[in-house]
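Let me begin by presenting the structure, written as structure tokens, before commenting on it.
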Amino acid sequence: MDREELEAELSILLTELEGEPEDAHEIYLRLKQLIGNMKAFGLAVPGDLERLEREMDAEFSADKPG
């Protein structure tokens, strides 16, 4: 996956997050995978994406029972 493909996938994810908030957990999992791919390819992860990932981490960890 090259930089353009990663950027396209990111654009799709953000559009889906805005349009389909009920699927936020699926989008969160895909976001984590995308960020992992960016890091694996040596690409810098934008700060706003890192912040979004942290916010979603907190949201979904708060939803876990126990």
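Letters A, B, ... go to the chains of the structure tokens in the order shown; residues in each chain start at 1; ligands are counted from 1 in the same order.
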
**Request:** Apply DSSP to the backbone of this structure and, from chain A, keep only the residues in helix (DSSP H, G or I); write these as a VMD selection string.
**Result:** chain A and resid 3 to 19 21 to 40 47 to 62

Would you export the selected residues with N, CA and C atoms as a compact mmCIF listing (two decimals), in the first residue's frame, please?
```
# COMPACT_ATOMS: atom_id res chain seq x y z
N ARG A 3 1.53 5.62 -0.32
CA ARG A 3 1.03 6.81 0.38
C ARG A 3 -0.34 7.25 -0.14
N GLU A 4 -0.53 7.23 -1.45
CA GLU A 4 -1.80 7.66 -2.03
C GLU A 4 -2.94 6.74 -1.60
N GLU A 5 -2.67 5.44 -1.54
CA GLU A 5 -3.69 4.49 -1.10
C GLU A 5 -4.04 4.71 0.37
N LEU A 6 -3.03 4.97 1.19
CA LEU A 6 -3.28 5.24 2.60
C LEU A 6 -4.11 6.51 2.77
N GLU A 7 -3.78 7.54 2.01
CA GLU A 7 -4.53 8.80 2.10
C GLU A 7 -5.97 8.60 1.62
N ALA A 8 -6.16 7.81 0.58
CA ALA A 8 -7.51 7.54 0.09
C ALA A 8 -8.31 6.77 1.14
N GLU A 9 -7.71 5.77 1.75
CA GLU A 9 -8.38 5.00 2.79
C GLU A 9 -8.74 5.89 3.98
N LEU A 10 -7.84 6.78 4.34
CA LEU A 10 -8.11 7.71 5.43
C LEU A 10 -9.29 8.61 5.09
N SER A 11 -9.33 9.12 3.89
CA SER A 11 -10.43 9.97 3.46
C SER A 11 -11.76 9.23 3.54
N ILE A 12 -11.76 7.99 3.12
CA ILE A 12 -12.98 7.16 3.18
C ILE A 12 -13.40 6.97 4.63
N LEU A 13 -12.45 6.64 5.50
CA LEU A 13 -12.77 6.43 6.92
C LEU A 13 -13.39 7.66 7.55
N LEU A 14 -12.80 8.81 7.30
CA LEU A 14 -13.31 10.04 7.90
C LEU A 14 -14.70 10.38 7.37
N THR A 15 -14.93 10.14 6.10
CA THR A 15 -16.26 10.36 5.53
C THR A 15 -17.28 9.43 6.16
N GLU A 16 -16.89 8.16 6.34
CA GLU A 16 -17.79 7.20 6.96
C GLU A 16 -18.08 7.57 8.41
N LEU A 17 -17.07 8.05 9.12
CA LEU A 17 -17.25 8.43 10.52
C LEU A 17 -18.27 9.56 10.63
N GLU A 18 -18.19 10.52 9.72
CA GLU A 18 -19.14 11.63 9.73
C GLU A 18 -20.55 11.17 9.37
N GLY A 19 -20.65 10.27 8.39
CA GLY A 19 -21.95 9.86 7.87
C GLY A 19 -22.60 8.70 8.59
N PRO A 21 -22.16 7.37 12.20
CA PRO A 21 -21.58 7.28 13.55
C PRO A 21 -21.93 5.98 14.26
N GLU A 22 -22.98 5.30 13.85
CA GLU A 22 -23.34 4.03 14.48
C GLU A 22 -22.31 2.94 14.17
N ASP A 23 -21.50 3.13 13.15
CA ASP A 23 -20.44 2.18 12.80
C ASP A 23 -19.08 2.63 13.31
N ALA A 24 -19.08 3.47 14.34
CA ALA A 24 -17.84 4.07 14.82
C ALA A 24 -16.83 3.02 15.28
N HIS A 25 -17.27 1.94 15.89
CA HIS A 25 -16.31 0.94 16.37
C HIS A 25 -15.58 0.28 15.21
N GLU A 26 -16.29 -0.05 14.15
CA GLU A 26 -15.66 -0.63 12.96
C GLU A 26 -14.67 0.37 12.36
N ILE A 27 -15.07 1.62 12.29
CA ILE A 27 -14.19 2.65 11.74
C ILE A 27 -12.96 2.82 12.63
N TYR A 28 -13.15 2.75 13.93
CA TYR A 28 -12.05 2.83 14.88
C TYR A 28 -11.03 1.71 14.63
N LEU A 29 -11.51 0.50 14.45
CA LEU A 29 -10.60 -0.62 14.19
C LEU A 29 -9.84 -0.42 12.88
N ARG A 30 -10.53 0.08 11.87
CA ARG A 30 -9.87 0.34 10.58
C ARG A 30 -8.86 1.48 10.71
N LEU A 31 -9.18 2.49 11.52
CA LEU A 31 -8.27 3.60 11.76
C LEU A 31 -6.98 3.10 12.42
N LYS A 32 -7.12 2.25 13.42
CA LYS A 32 -5.94 1.70 14.09
C LYS A 32 -5.08 0.92 13.10
N GLN A 33 -5.73 0.16 12.22
CA GLN A 33 -4.99 -0.60 11.21
C GLN A 33 -4.28 0.35 10.25
N LEU A 34 -4.97 1.39 9.82
CA LEU A 34 -4.38 2.36 8.90
C LEU A 34 -3.18 3.05 9.53
N ILE A 35 -3.30 3.46 10.78
CA ILE A 35 -2.18 4.11 11.47
C ILE A 35 -1.02 3.14 11.60
N GLY A 36 -1.31 1.89 11.90
CA GLY A 36 -0.26 0.87 11.96
C GLY A 36 0.44 0.72 10.63
N ASN A 37 -0.32 0.74 9.53
CA ASN A 37 0.28 0.65 8.19
C ASN A 37 1.15 1.86 7.90
N MET A 38 0.68 3.04 8.29
CA MET A 38 1.47 4.25 8.06
C MET A 38 2.81 4.15 8.78
N LYS A 39 2.77 3.69 10.03
CA LYS A 39 4.00 3.55 10.81
C LYS A 39 4.91 2.50 10.19
N ALA A 40 4.31 1.40 9.72
CA ALA A 40 5.11 0.32 9.11
C ALA A 40 5.82 0.80 7.85
N GLY A 47 -0.80 14.58 13.58
CA GLY A 47 -1.22 14.75 14.97
C GLY A 47 -2.71 14.63 15.18
N ASP A 48 -3.50 15.13 14.23
CA ASP A 48 -4.95 15.04 14.40
C ASP A 48 -5.43 13.60 14.35
N LEU A 49 -4.75 12.75 13.57
CA LEU A 49 -5.11 11.33 13.54
C LEU A 49 -4.72 10.65 14.84
N GLU A 50 -3.56 10.99 15.36
CA GLU A 50 -3.15 10.43 16.65
C GLU A 50 -4.13 10.84 17.75
N ARG A 51 -4.57 12.09 17.71
CA ARG A 51 -5.53 12.58 18.69
C ARG A 51 -6.87 11.85 18.54
N LEU A 52 -7.33 11.68 17.30
CA LEU A 52 -8.57 10.96 17.06
C LEU A 52 -8.47 9.52 17.58
N GLU A 53 -7.33 8.89 17.33
CA GLU A 53 -7.14 7.52 17.81
C GLU A 53 -7.20 7.48 19.35
N ARG A 54 -6.54 8.42 20.02
CA ARG A 54 -6.58 8.46 21.49
C ARG A 54 -7.99 8.68 22.01
N GLU A 55 -8.73 9.59 21.36
CA GLU A 55 -10.11 9.86 21.78
C GLU A 55 -10.98 8.62 21.60
N MET A 56 -10.80 7.94 20.48
CA MET A 56 -11.59 6.73 20.23
C MET A 56 -11.15 5.60 21.16
N ASP A 57 -9.84 5.52 21.46
CA ASP A 57 -9.36 4.54 22.44
C ASP A 57 -10.10 4.74 23.76
N ALA A 58 -10.15 5.99 24.21
CA ALA A 58 -10.82 6.30 25.48
C ALA A 58 -12.30 5.98 25.41
N GLU A 59 -12.93 6.32 24.30
CA GLU A 59 -14.37 6.07 24.16
C GLU A 59 -14.67 4.58 24.22
N PHE A 60 -13.93 3.79 23.49
CA PHE A 60 -14.24 2.37 23.42
C PHE A 60 -13.72 1.60 24.62
N SER A 61 -12.69 2.08 25.28
CA SER A 61 -12.26 1.40 26.50
C SER A 61 -13.23 1.69 27.64
N ALA A 62 -13.88 2.85 27.61
CA ALA A 62 -14.89 3.19 28.61
C ALA A 62 -16.15 2.34 28.42
```
